[in-house]
file coords11.txt (compact mmCIF, C-alpha atoms and all ligand atoms)
# COMPACT_ATOMS: atom_id res chain seq x y z
CA MET A 1 88.58 104.85 127.62
CA SER A 2 89.69 101.37 126.54
CA PRO A 3 89.32 100.55 122.84
CA LEU A 4 86.18 98.81 121.62
CA THR A 5 86.64 95.07 121.25
CA PRO A 6 85.77 93.21 118.02
CA GLU A 7 82.73 91.74 119.79
CA GLU A 8 81.52 95.20 120.88
CA VAL A 9 81.85 96.57 117.36
CA ARG A 10 80.08 93.53 115.96
CA ALA A 11 77.19 94.16 118.32
CA GLN A 12 76.85 97.67 116.81
CA ILE A 13 76.41 96.28 113.27
CA PRO A 14 72.95 94.71 112.81
CA ILE A 15 73.78 92.68 109.69
CA MET A 16 76.52 90.82 111.56
CA GLN A 17 73.84 89.10 113.63
CA LYS A 18 72.45 87.42 110.49
CA TYR A 19 75.42 86.73 108.24
CA ILE A 20 79.09 85.97 108.28
CA TYR A 21 80.04 89.07 106.39
CA LEU A 22 83.35 88.64 104.58
CA ASP A 23 83.02 91.17 101.76
CA ASN A 24 84.51 94.21 103.45
CA ALA A 25 86.74 95.02 100.47
CA ALA A 26 83.60 95.76 98.42
CA THR A 27 81.78 97.80 101.04
CA THR A 28 81.30 97.65 104.80
CA PRO A 29 78.16 97.78 106.90
CA VAL A 30 77.68 101.02 108.84
CA PRO A 31 77.99 100.76 112.64
CA LEU A 32 75.23 102.37 114.72
CA PRO A 33 77.29 105.32 116.07
CA VAL A 34 78.00 106.44 112.47
CA PHE A 35 74.32 106.12 111.64
CA GLU A 36 73.51 108.15 114.78
CA ALA A 37 75.62 111.07 113.47
CA VAL A 38 73.44 111.17 110.35
CA LYS A 39 70.27 111.00 112.44
CA GLU A 40 71.50 113.78 114.69
CA TYR A 41 71.95 116.10 111.70
CA ILE A 42 68.52 115.27 110.30
CA TYR A 43 66.76 115.73 113.64
CA GLU A 44 68.75 118.55 115.23
CA TYR A 45 70.38 120.89 112.71
CA PRO A 46 69.24 120.08 109.16
CA ALA A 47 70.58 123.27 107.56
CA ASN A 48 72.76 124.06 104.58
CA VAL A 49 76.45 124.70 105.27
CA GLU A 50 78.79 127.64 104.52
CA ARG A 51 75.84 129.94 103.83
CA GLY A 52 73.33 130.76 106.57
CA ALA A 53 74.09 132.73 109.76
CA TYR A 54 71.27 131.41 111.97
CA SER A 55 72.07 129.06 114.82
CA ILE A 56 71.52 125.62 113.31
CA ALA A 57 73.23 126.67 110.06
CA ALA A 58 76.27 127.64 112.10
CA ILE A 59 76.15 124.31 113.96
CA ALA A 60 75.91 122.34 110.69
CA SER A 61 78.90 124.26 109.22
CA GLU A 62 80.96 123.71 112.35
CA LYS A 63 80.17 120.00 112.39
CA VAL A 64 81.22 119.62 108.76
CA ASP A 65 84.45 121.52 109.48
CA GLU A 66 85.07 119.20 112.39
CA ALA A 67 84.42 116.18 110.15
CA ARG A 68 86.93 117.48 107.57
CA GLU A 69 89.54 117.94 110.28
CA ASN A 70 89.02 114.50 111.75
CA ILE A 71 89.21 112.76 108.38
CA ALA A 72 92.32 114.68 107.30
CA ASN A 73 94.10 114.20 110.62
CA LEU A 74 93.05 110.70 111.60
CA LEU A 75 92.79 108.85 108.29
CA LEU A 76 95.47 110.56 106.18
CA ASN A 77 97.60 112.81 108.39
CA CYS A 78 97.23 115.83 106.09
CA ASN A 79 96.09 119.41 106.56
CA PRO A 80 92.27 119.78 106.30
CA SER A 81 92.84 122.38 103.57
CA GLU A 82 94.47 119.65 101.45
CA PHE A 83 91.42 117.40 101.73
CA ILE A 84 88.58 117.21 99.20
CA PHE A 85 85.37 115.32 99.87
CA THR A 86 84.45 112.95 97.05
CA ARG A 87 81.84 110.31 96.32
CA ASN A 88 84.41 107.50 96.36
CA GLU A 89 87.93 106.64 95.18
CA THR A 90 86.79 106.53 91.57
CA GLN A 91 85.70 110.15 91.64
CA GLY A 92 89.03 111.16 93.21
CA GLY A 93 90.96 109.59 90.31
CA ASN A 94 88.70 111.17 87.73
CA PHE A 95 89.04 114.61 89.37
CA VAL A 96 92.81 114.35 89.11
CA ALA A 97 92.76 113.10 85.51
CA HIS A 98 90.49 115.97 84.40
CA THR A 99 92.48 118.50 86.32
CA LEU A 100 95.70 117.47 84.63
CA LEU A 101 94.09 118.22 81.27
CA GLN A 102 93.19 121.80 82.07
CA PRO A 103 95.41 124.81 81.78
CA LEU A 104 95.34 126.39 85.22
CA LEU A 105 93.27 129.47 85.79
CA ASN A 106 94.58 131.42 88.70
CA ARG A 107 91.36 132.59 90.20
CA ALA A 108 92.60 132.49 93.75
CA GLU A 109 94.57 135.64 94.29
CA GLY A 110 92.23 137.97 92.50
CA ASN A 111 94.40 138.66 89.48
CA PHE A 112 92.10 136.63 87.19
CA SER A 113 94.95 135.48 85.00
CA GLU A 114 95.88 132.29 83.23
CA VAL A 115 99.02 130.63 84.46
CA GLU A 116 101.11 127.75 83.25
CA PRO A 117 99.48 124.31 83.31
CA ILE A 118 100.76 121.99 86.04
CA VAL A 119 101.71 119.44 83.42
CA LYS A 120 102.74 120.61 79.97
CA TRP A 121 102.02 117.46 77.99
CA GLU A 122 104.21 116.60 75.04
CA PRO A 123 103.74 113.64 72.69
CA HIS A 124 105.30 110.46 74.15
CA ASP A 125 105.29 111.66 77.69
CA GLU A 126 104.60 108.66 79.87
CA ILE A 127 101.79 107.69 82.22
CA ILE A 128 102.59 104.57 84.22
CA THR A 129 100.40 102.18 86.16
CA THR A 130 100.42 98.46 87.05
CA VAL A 131 98.56 95.39 85.82
CA ILE A 132 97.02 94.65 89.22
CA GLU A 133 95.10 97.94 89.49
CA HIS A 134 91.32 98.21 89.90
CA HIS A 135 89.65 99.52 86.72
CA SER A 136 89.06 102.79 88.58
CA ASN A 137 92.81 103.28 88.76
CA MET A 138 93.30 102.40 85.08
CA LEU A 139 90.54 103.85 82.93
CA PRO A 140 91.00 107.53 83.91
CA TRP A 141 94.73 107.27 83.05
CA MET A 142 94.14 105.33 79.81
CA ARG A 143 91.77 108.04 78.66
CA LEU A 144 94.06 110.84 79.79
CA ALA A 145 96.97 109.22 77.90
CA ARG A 146 94.91 109.18 74.69
CA GLN A 147 93.79 112.76 75.21
CA VAL A 148 97.31 114.13 75.73
CA LYS A 149 99.01 111.67 73.34
CA ALA A 150 101.14 110.20 76.11
CA ASP A 151 102.45 106.62 76.12
CA TYR A 152 100.58 104.46 78.64
CA LYS A 153 102.81 101.86 80.28
CA VAL A 154 101.80 98.97 82.51
CA ILE A 155 104.14 97.42 85.09
CA MET A 156 103.98 93.63 85.59
CA PRO A 157 105.04 92.69 89.12
CA GLU A 158 106.03 89.22 90.34
CA LYS A 159 103.17 86.74 90.58
CA ASP A 160 102.90 87.10 94.37
CA GLY A 161 101.32 90.49 93.62
CA ILE A 162 103.65 92.60 95.75
CA LEU A 163 104.68 95.82 94.00
CA ARG A 164 108.37 96.44 94.62
CA PRO A 165 110.64 99.42 93.87
CA LYS A 166 112.56 97.27 91.36
CA ASP A 167 109.37 96.93 89.29
CA PHE A 168 109.22 100.70 88.85
CA THR A 169 112.83 101.78 88.48
CA PRO A 170 113.46 100.40 84.96
CA VAL A 171 110.30 102.08 83.65
CA ILE A 172 110.61 105.60 85.11
CA SER A 173 112.36 108.15 82.91
CA GLU A 174 112.50 111.91 82.44
CA LYS A 175 109.44 111.49 80.18
CA THR A 176 107.34 110.08 83.03
CA LYS A 177 104.71 112.66 83.98
CA LEU A 178 102.40 110.55 86.14
CA VAL A 179 102.64 107.27 88.07
CA ALA A 180 99.42 105.81 89.51
CA PHE A 181 99.35 102.71 91.68
CA GLN A 182 97.54 101.20 94.64
CA HIS A 183 98.37 101.11 98.34
CA ALA A 184 96.79 97.69 98.85
CA SER A 185 95.31 95.17 96.44
CA ASN A 186 91.67 94.08 96.36
CA VAL A 187 92.67 91.08 94.24
CA LEU A 188 95.85 89.70 95.81
CA GLY A 189 95.53 90.93 99.38
CA THR A 190 98.91 92.62 99.23
CA VAL A 191 99.94 95.83 101.02
CA HIS A 192 102.75 97.44 99.04
CA PRO A 193 105.88 99.25 100.26
CA VAL A 194 104.54 102.53 98.87
CA LYS A 195 106.94 104.83 100.69
CA GLU A 196 109.98 103.01 99.37
CA ILE A 197 108.57 102.84 95.83
CA ILE A 198 107.88 106.60 95.83
CA ARG A 199 111.35 107.36 97.17
CA GLN A 200 112.91 105.45 94.29
CA ILE A 201 110.63 107.03 91.68
CA ARG A 202 111.53 110.50 92.94
CA GLU A 203 115.25 109.71 92.82
CA ILE A 204 114.96 109.01 89.10
CA ASN A 205 112.48 111.77 88.26
CA PRO A 206 111.62 114.30 90.99
CA HIS A 207 109.05 116.03 88.76
CA THR A 208 106.76 113.03 88.24
CA LEU A 209 103.34 113.30 89.81
CA ILE A 210 102.35 110.32 91.94
CA PHE A 211 98.75 109.22 92.51
CA ILE A 212 97.94 106.54 95.09
CA ASP A 213 94.71 104.54 95.04
CA GLY A 214 94.06 104.05 98.74
CA SER A 215 90.73 102.24 98.46
CA GLN A 216 91.84 99.28 100.55
CA ALA A 217 93.98 101.10 103.09
CA PRO A 218 92.52 103.89 105.33
CA GLY A 219 90.44 102.36 108.10
CA HIS A 220 92.36 99.08 107.80
CA ILE A 221 95.91 100.35 108.30
CA ARG A 222 97.54 103.60 109.41
CA VAL A 223 98.13 105.97 106.49
CA ASP A 224 100.40 109.02 106.52
CA VAL A 225 100.34 110.76 103.15
CA LYS A 226 103.15 113.11 104.20
CA ALA A 227 105.46 110.23 105.07
CA LEU A 228 104.53 108.46 101.83
CA ASP A 229 105.35 111.67 99.92
CA CYS A 230 102.66 111.17 97.26
CA ASP A 231 100.98 114.04 95.40
CA PHE A 232 97.46 112.60 95.36
CA TYR A 233 95.82 109.96 97.56
CA ALA A 234 92.22 108.87 96.93
CA PHE A 235 90.07 106.57 99.06
CA SER A 236 86.48 105.45 99.63
CA GLY A 237 84.64 106.07 102.90
CA HIS A 238 82.40 103.02 102.56
CA LYS A 239 85.24 100.51 102.85
CA GLY A 240 87.87 100.56 105.61
CA PRO A 241 86.61 103.73 107.37
CA LEU A 242 83.11 102.23 107.99
CA SER A 243 81.23 105.21 106.56
CA MET A 244 78.28 105.14 104.15
CA PRO A 245 78.26 104.54 100.39
CA GLY A 246 78.69 107.80 98.47
CA THR A 247 81.48 109.05 100.72
CA GLY A 248 85.21 109.31 100.16
CA GLY A 249 88.12 111.66 99.94
CA LEU A 250 91.06 112.93 97.96
CA TYR A 251 94.28 114.39 99.33
CA ILE A 252 96.14 116.81 97.08
CA ARG A 253 99.49 118.17 98.20
CA LYS A 254 99.25 121.86 99.15
CA GLU A 255 101.61 123.12 96.44
CA LEU A 256 99.30 121.58 93.84
CA ILE A 257 95.84 122.11 95.32
CA SER A 258 96.56 125.79 95.88
CA GLN A 259 96.97 126.19 92.10
CA LEU A 260 94.24 123.93 90.80
CA ASP A 261 90.99 125.16 89.34
CA PRO A 262 88.39 122.80 90.83
CA GLU A 263 86.55 120.26 88.75
CA GLU A 264 83.16 121.87 89.40
CA ILE A 265 82.44 125.53 90.13
CA GLY A 266 79.40 127.35 91.47
CA GLY A 267 78.00 128.42 94.84
CA GLY A 268 79.90 128.05 98.08
CA ILE A 269 83.47 128.13 96.77
CA ILE A 270 84.17 131.77 96.03
CA ALA A 271 85.64 134.87 97.69
CA ASP A 272 84.18 137.23 95.08
CA VAL A 273 82.34 137.21 91.76
CA THR A 274 82.19 140.03 89.23
CA LYS A 275 79.80 140.12 86.29
CA PHE A 276 82.41 138.33 84.20
CA ASP A 277 84.80 136.45 86.46
CA TYR A 278 85.28 134.87 89.86
CA LYS A 279 87.83 134.63 92.63
CA LEU A 280 88.07 131.38 94.62
CA ARG A 281 88.01 131.34 98.42
CA SER A 282 91.47 131.21 99.97
CA ASP A 283 90.63 130.12 103.54
CA SER A 284 90.53 126.41 102.60
CA TYR A 285 91.74 124.96 99.31
CA GLY A 286 89.74 121.77 99.90
CA LYS A 287 86.49 123.74 100.22
CA ARG A 288 86.98 125.11 96.71
CA TRP A 289 85.94 121.67 95.50
CA ASP A 290 82.57 121.81 97.26
CA ALA A 291 80.51 123.68 94.64
CA GLY A 292 76.79 123.54 95.36
CA THR A 293 75.08 122.08 98.40
CA PRO A 294 77.31 119.19 99.39
CA ASN A 295 76.53 115.66 100.62
CA ILE A 296 76.26 116.94 104.21
CA VAL A 297 75.05 113.66 105.73
CA GLY A 298 77.83 111.80 103.96
CA TYR A 299 80.47 114.23 105.17
CA LEU A 300 79.22 113.90 108.74
CA ALA A 301 79.10 110.11 108.49
CA LEU A 302 82.68 109.94 107.24
CA GLY A 303 83.83 112.34 109.95
CA ARG A 304 82.16 110.26 112.67
CA ALA A 305 83.50 107.05 111.12
CA ALA A 306 87.07 108.45 111.17
CA VAL A 307 86.79 108.99 114.92
CA TYR A 308 85.22 105.57 115.40
CA VAL A 309 87.95 103.59 113.60
CA ALA A 310 90.94 105.73 114.60
CA LYS A 311 90.07 106.64 118.19
CA GLU A 312 87.35 104.37 119.54
CA ILE A 313 88.80 101.19 118.02
CA GLY A 314 92.35 102.21 117.04
CA LEU A 315 93.88 101.58 113.61
CA LYS A 316 96.69 99.50 115.07
CA ASN A 317 94.11 97.21 116.71
CA ILE A 318 92.28 96.83 113.39
CA GLU A 319 95.52 95.96 111.61
CA GLU A 320 96.38 93.37 114.28
CA GLN A 321 92.93 91.77 114.31
CA GLU A 322 92.90 91.40 110.51
CA LEU A 323 96.38 89.88 110.51
CA LYS A 324 95.44 87.50 113.31
CA LEU A 325 92.53 86.25 111.22
CA MET A 326 94.68 86.06 108.10
CA LYS A 327 97.31 83.99 109.92
CA LEU A 328 94.64 81.46 110.91
CA LEU A 329 93.16 81.40 107.41
CA LEU A 330 96.55 80.94 105.73
CA GLU A 331 97.44 78.06 108.07
CA GLU A 332 94.17 76.26 107.40
CA ILE A 333 93.62 76.96 103.72
CA GLN A 334 96.97 75.49 102.59
CA ASP A 335 95.65 71.99 103.37
CA ILE A 336 92.40 72.16 101.43
CA LYS A 337 92.69 70.03 98.35
CA ASN A 338 91.73 71.34 94.90
CA LEU A 339 91.97 74.89 96.26
CA GLU A 340 94.40 77.42 94.88
CA PHE A 341 94.91 80.79 96.55
CA TYR A 342 96.62 83.92 95.25
CA GLY A 343 99.11 86.42 96.63
CA PRO A 344 101.92 85.80 99.13
CA ARG A 345 101.99 82.41 100.91
CA THR A 346 102.77 84.06 104.25
CA LEU A 347 101.77 87.21 106.13
CA GLU A 348 104.55 89.15 104.37
CA ASN A 349 103.07 92.33 102.84
CA ARG A 350 99.56 91.04 103.47
CA GLY A 351 96.41 92.69 104.79
CA GLY A 352 92.95 91.24 105.44
CA VAL A 353 92.05 90.10 101.90
CA LEU A 354 92.46 86.61 100.43
CA THR A 355 91.31 85.25 97.06
CA PHE A 356 91.07 81.66 95.87
CA ASN A 357 89.47 79.19 93.45
CA ILE A 358 88.34 75.59 93.85
CA LYS A 359 88.61 73.27 90.85
CA GLY A 360 85.23 72.60 89.28
CA TRP A 361 83.55 75.80 90.48
CA THR A 362 83.40 79.18 88.82
CA SER A 363 84.13 82.01 91.23
CA HIS A 364 80.47 83.13 91.14
CA GLU A 365 79.11 79.64 91.81
CA LEU A 366 81.45 79.22 94.74
CA SER A 367 80.44 82.53 96.25
CA LEU A 368 76.72 81.69 95.83
CA ALA A 369 77.18 78.25 97.42
CA LEU A 370 78.81 79.84 100.48
CA ASP A 371 75.85 82.17 100.89
CA ASP A 372 73.12 79.59 100.14
CA ASN A 373 74.43 76.96 102.52
CA TRP A 374 76.29 78.82 105.26
CA SER A 375 75.22 82.51 105.01
CA ILE A 376 78.85 83.37 104.38
CA LEU A 377 78.99 86.50 102.21
CA THR A 378 81.99 86.64 99.88
CA ARG A 379 82.60 88.18 96.50
CA GLY A 380 83.06 86.12 93.34
CA GLY A 381 84.19 87.49 89.98
CA HIS A 382 86.87 89.72 88.53
CA HIS A 383 86.63 92.40 91.27
CA CYS A 384 86.86 95.16 88.60
CA ALA A 385 90.37 94.05 87.77
CA ILE A 386 90.07 92.08 84.50
CA PRO A 387 93.70 92.72 83.42
CA ALA A 388 94.87 91.32 86.78
CA MET A 389 92.70 88.22 86.32
CA ARG A 390 94.08 87.65 82.81
CA TRP A 391 97.61 88.12 84.14
CA LEU A 392 96.89 85.50 86.85
CA GLY A 393 95.52 83.21 84.09
CA ILE A 394 92.17 82.67 85.85
CA HIS A 395 89.82 84.90 83.89
CA ASP A 396 88.50 82.34 81.41
CA GLU A 397 88.43 79.24 83.59
CA TYR A 398 86.97 80.74 86.77
CA GLY A 399 85.69 84.18 85.74
CA GLY A 400 88.14 85.57 88.33
CA ASN A 401 88.28 84.28 91.90
CA THR A 402 86.38 84.25 95.16
CA ARG A 403 87.41 86.80 97.76
CA VAL A 404 87.11 87.00 101.51
CA SER A 405 87.99 90.29 103.15
CA PHE A 406 87.98 91.13 106.85
CA HIS A 407 87.39 94.00 109.18
CA TYR A 408 87.84 94.36 112.91
CA TYR A 409 84.47 92.81 113.78
CA ASN A 410 85.26 89.50 112.09
CA LEU A 411 86.12 86.76 114.55
CA GLU A 412 88.10 83.54 114.53
CA SER A 413 84.77 81.68 114.55
CA ASP A 414 84.02 83.23 111.11
CA ILE A 415 87.25 81.79 109.73
CA GLU A 416 86.53 78.38 111.26
CA LYS A 417 83.09 78.30 109.62
CA LEU A 418 84.58 79.39 106.29
CA ILE A 419 87.20 76.64 106.42
CA GLU A 420 84.55 74.04 107.26
CA ALA A 421 82.47 75.18 104.28
CA LEU A 422 85.43 75.23 101.87
CA LYS A 423 86.38 71.71 102.91
CA VAL A 424 82.90 70.49 102.01
CA LEU A 425 82.86 72.36 98.68
CA SER A 426 86.29 71.10 97.64
CA GLU A 427 85.39 67.41 98.15
C1 LIG B 501 91.83 98.80 94.86
C2 LIG B 501 90.54 99.52 94.53
N1 LIG B 501 90.59 100.67 93.85
C3 LIG B 501 89.48 101.37 93.55
C4 LIG B 501 88.24 100.92 93.93
C5 LIG B 501 87.05 101.75 93.60
O1 LIG B 501 86.36 102.11 94.74
P1 LIG B 501 84.95 102.88 94.62
O2 LIG B 501 84.06 101.98 93.82
O3 LIG B 501 84.48 103.04 96.02
O4 LIG B 501 85.24 104.15 93.94
C6 LIG B 501 88.13 99.71 94.62
C7 LIG B 501 86.81 99.16 94.98
O5 LIG B 501 86.66 98.00 95.27
C8 LIG B 501 89.31 99.00 94.96
O6 LIG B 501 89.26 97.86 95.65

call {"tool": "encode", "arguments": {"input": "coords11.txt", "output": "structure tokens", "more": "lines below"}}
Ligand SMILES: Cc1ncc(COP(=O)(O)O)c(C=O)c1O
result
Amino acid sequence: MSPLTPEEVRAQIPIMQKYIYLDNAATTPVPLPVFEAVKEYIYEYPANVERGAYSIAAIASEKVDEARENIANLLLNCNPSEFIFTRNETQGGNFVAHTLLQPLLNRAEGNFSEVEPIVKWEPHDEIITTVIEHHSNMLPWMRLARQVKADYKVIMPEKDGILRPKDFTPVISEKTKLVAFQHASNVLGTVHPVKEIIRQIREINPHTLIFIDGSQAPGHIRVDVKALDCDFYAFSGHKGPLSMPGTGGLYIRKELISQLDPEEIGGGIIADVTKFDYKLRSDSYGKRWDAGTPNIVGYLALGRAAVYVAKEIGLKNIEEQELKLMKLLLEEIQDIKNLEFYGPRTLENRGGVLTFNIKGWTSHELSLALDDNWSILTRGGHHCAIPAMRWLGIHDEYGGNTRVSFHYYNLESDIEKLIEALKVLSE
């Protein structure tokens, strides 16, 4: 079967018939085939999973297993047992931060014993992140640092917003216990050389844990967590993968997830329970994190969406379409007077996100004017990255910047209309 074209995908997204939707970094509309998967569950096999033996309960459980496999294989290239369903990227980061606080309880092998914590925190251990992170990849680590009395350090990259290995190497030491940074930026449009950065971090300190915020990557570009060699990788389903809000995932490397006591415990995650203790299931580490009746419709939506973006469209095609649009935008936007844009001047290390300001407009006003006059939907503001906006020096004057962000179903005609509108607004 030949891959879906951008026009075919656009036709499967009702809102695209009414607006020029350029806010895909915030959330994406759900295409009809993903919605159909949810409908199918509700109409055909609306049963709980991992519990009942009757026919539709078995179907529902199988479908959720299939979804887990597709997401793990197609979006991350990990083993399904290393994959945890979450609400979004934010929850993935918080799960990891909480987990690193706990001493580990080995409830898996039935010996009901306490074992060594994964991280033995000592005062002045270091937690490292960067100034361009989303608040969701800052606050959990700030709080963790206070709780464990670690030093919290913030890397300042070059102003083009590309994170480079040389930004990390002077900061990593034997005291570094955790490094958390993004795969791609929602503020500068950059896609970072994550594999190379991780390689250099591990050369200096092989024991450091590495958390990657993948919010702006899966579904837009090909991601291989094994090749990256990270320990944790969190993402949201409602962005690049084209799933629904309330869906997302967290990869945890097998050696770690096999030892972790899950964030929440209860029904559905156990092999045995005595009157006083419990033994976690061992058939799937990821399923240990599914206490209680899970978000079944969300899991199925994300599973269907993984197949849609990775197989029916193709991640390489998405990458190419977004870069084609970005090339056109970069060529045209350079000539608009009174307009300043952020991030690299060329396609180097860029994805499908671009931010800018026009003199005389706050970022919110500009975004509203684009909607009011041209039905072009963009995002204005600080994009949950206030430290990045202060570092760019645009927080006070503009309240941040205005952002356009693409997906496969955006067309060159969208960029042409945007450019026309920006030319009028910058007069
Ligand atoms: C880079 C980055 N990290 C984290 C997040 C948080 O994502 P969510 O709100 O889906 O948890 C976002 C959302 O825009 C983001 O762009």

call {"tool": "atom_distance", "arguments": {"input": "coords11.txt", "atom1": "atom CA of Thr346 of chain A", "atom2": "atom CA of Arg164 of chain A"}}
result
16.7 Å

call {"tool": "residues_near_ligand", "arguments": {"input": "coords11.txt", "ligand": "ligand LIG 501 (chain B)", "cutoff": "9 Å", "atoms": "all atoms listed in the file", "output": "PyMOL selection string"}}
result
chain A and resi 25-27+87-93+132-137+182-187+213-217+234-239+245-248+383-385

call {"tool": "closest_residue", "arguments": {"input": "coords11.txt", "among": "A:Met389, A:Leu256, A:Leu163, A:Val34", "to": "Thr190 of chain A", "atoms": "all atoms listed in the file"}}
result
A:Leu163

call {"tool": "residues_around", "arguments": {"input": "coords11.txt", "residues": "segment 197-206 of chain A", "least_positions_apart": "4", "cutoff": "10 Å", "atoms": "all atoms listed in the file", "output": "JSON, numbers by chain"}}
result
{"A": [163, 164, 165, 166, 167, 168, 169, 170, 171, 172, 173, 174, 175, 176, 177, 179, 192, 193, 210, 212, 228, 229, 230]}

call {"tool": "residues_around", "arguments": {"input": "coords11.txt", "residues": "Ile269 of chain A", "least_positions_apart": "3", "cutoff": "7 Å", "atoms": "all atoms listed in the file", "output": "PDB file with C-alpha atoms, in the coordinates of the input"}}
result
ATOM      1  CA  GLY A 266      79.400 127.350  91.470  1.00  0.00           C
ATOM      2  CA  LEU A 280      88.070 131.380  94.620  1.00  0.00           C
ATOM      3  CA  ARG A 281      88.010 131.340  98.420  1.00  0.00           C
ATOM      4  CA  LYS A 287      86.490 123.740 100.220  1.00  0.00           C
ATOM      5  CA  ARG A 288      86.980 125.110  96.710  1.00  0.00           C
ATOM      6  CA  ASP A 290      82.570 121.810  97.260  1.00  0.00           C
ATOM      7  CA  ALA A 291      80.510 123.680  94.640  1.00  0.00           C
TER       8      ALA A 291
END

call {"tool": "atom_distance", "arguments": {"input": "coords11.txt", "atom1": "atom CA of Ile42 of chain A", "atom2": "atom CA of Ile56 of chain A"}}
result
11.2 Å

call {"tool": "closest_residue", "arguments": {"input": "coords11.txt", "among": "A:Ile336, A:Leu32, A:Ile358, A:Ala53", "to": "Val9 of chain A", "atoms": "only C-alpha atoms"}}
result
A:Leu32

call {"tool": "atom_distance", "arguments": {"input": "coords11.txt", "atom1": "atom CA of Ile71 of chain A", "atom2": "atom CA of Ala306 of chain A"}}
result
5.6 Å

call {"tool": "residues_around", "arguments": {"input": "coords11.txt", "residues": "Leu354 of chain A", "least_positions_apart": "2", "cutoff": "6 Å", "atoms": "all atoms listed in the file", "output": "ChimeraX atom specification"}}
result
/A:189,403-404

call {"tool": "residues_around", "arguments": {"input": "coords11.txt", "residues": "segment 321-327 of chain A", "least_positions_apart": "5", "cutoff": "7 Å", "atoms": "only C-alpha atoms", "output": "PDB file with C-alpha atoms, keeping the file's coordinate frame"}}
result
ATOM      1  CA  LEU A 347     101.770  87.210 106.130  1.00  0.00           C
ATOM      2  CA  GLY A 351      96.410  92.690 104.790  1.00  0.00           C
ATOM      3  CA  GLY A 352      92.950  91.240 105.440  1.00  0.00           C
ATOM      4  CA  PHE A 406      87.980  91.130 106.850  1.00  0.00           C
ATOM      5  CA  HIS A 407      87.390  94.000 109.180  1.00  0.00           C
ATOM      6  CA  TYR A 408      87.840  94.360 112.910  1.00  0.00           C
ATOM      7  CA  GLU A 412      88.100  83.540 114.530  1.00  0.00           C
TER       8      GLU A 412
END

call {"tool": "residues_around", "arguments": {"input": "coords11.txt", "residues": "Asp396 of chain A", "least_positions_apart": "4", "cutoff": "12 Å", "atoms": "all atoms listed in the file", "output": "VMD selection string"}}
result
chain A and resid 362 to 363 381 to 382 386 to 387 389 to 392 400 to 401

call {"tool": "closest_residue", "arguments": {"input": "coords11.txt", "among": "A:Ile313, A:Leu74, A:Leu330, A:Val194", "to": "Arg222 of chain A", "atoms": "only C-alpha atoms"}}
result
A:Leu74

call {"tool": "closest_residue", "arguments": {"input": "coords11.txt", "among": "A:His364, A:Arg143, A:Lys120, A:Lys254", "to": "Phe83 of chain A", "atoms": "all atoms listed in the file"}}
result
A:Lys254

call {"tool": "closest_residue", "arguments": {"input": "coords11.txt", "among": "A:Ile296, A:Ala180, A:Leu328, A:Ala310", "to": "Met138 of chain A", "atoms": "all atoms listed in the file"}}
result
A:Ala180

call {"tool": "axis_aligned_box", "arguments": {"input": "coords11.txt", "around": "segment 127-136 of chain A", "padding_each_side": "8 Å", "output": "JSON"}}
result
{"center_x": 95.8, "center_y": 101.2, "center_z": 86.1, "size_x": 29.5, "size_y": 29.0, "size_z": 23.7}

call {"tool": "closest_residue", "arguments": {"input": "coords11.txt", "among": "A:Gly303, A:Leu4, A:Tyr285, A:Leu339", "to": "Met244 of chain A", "atoms": "all atoms listed in the file"}}
result
A:Gly303
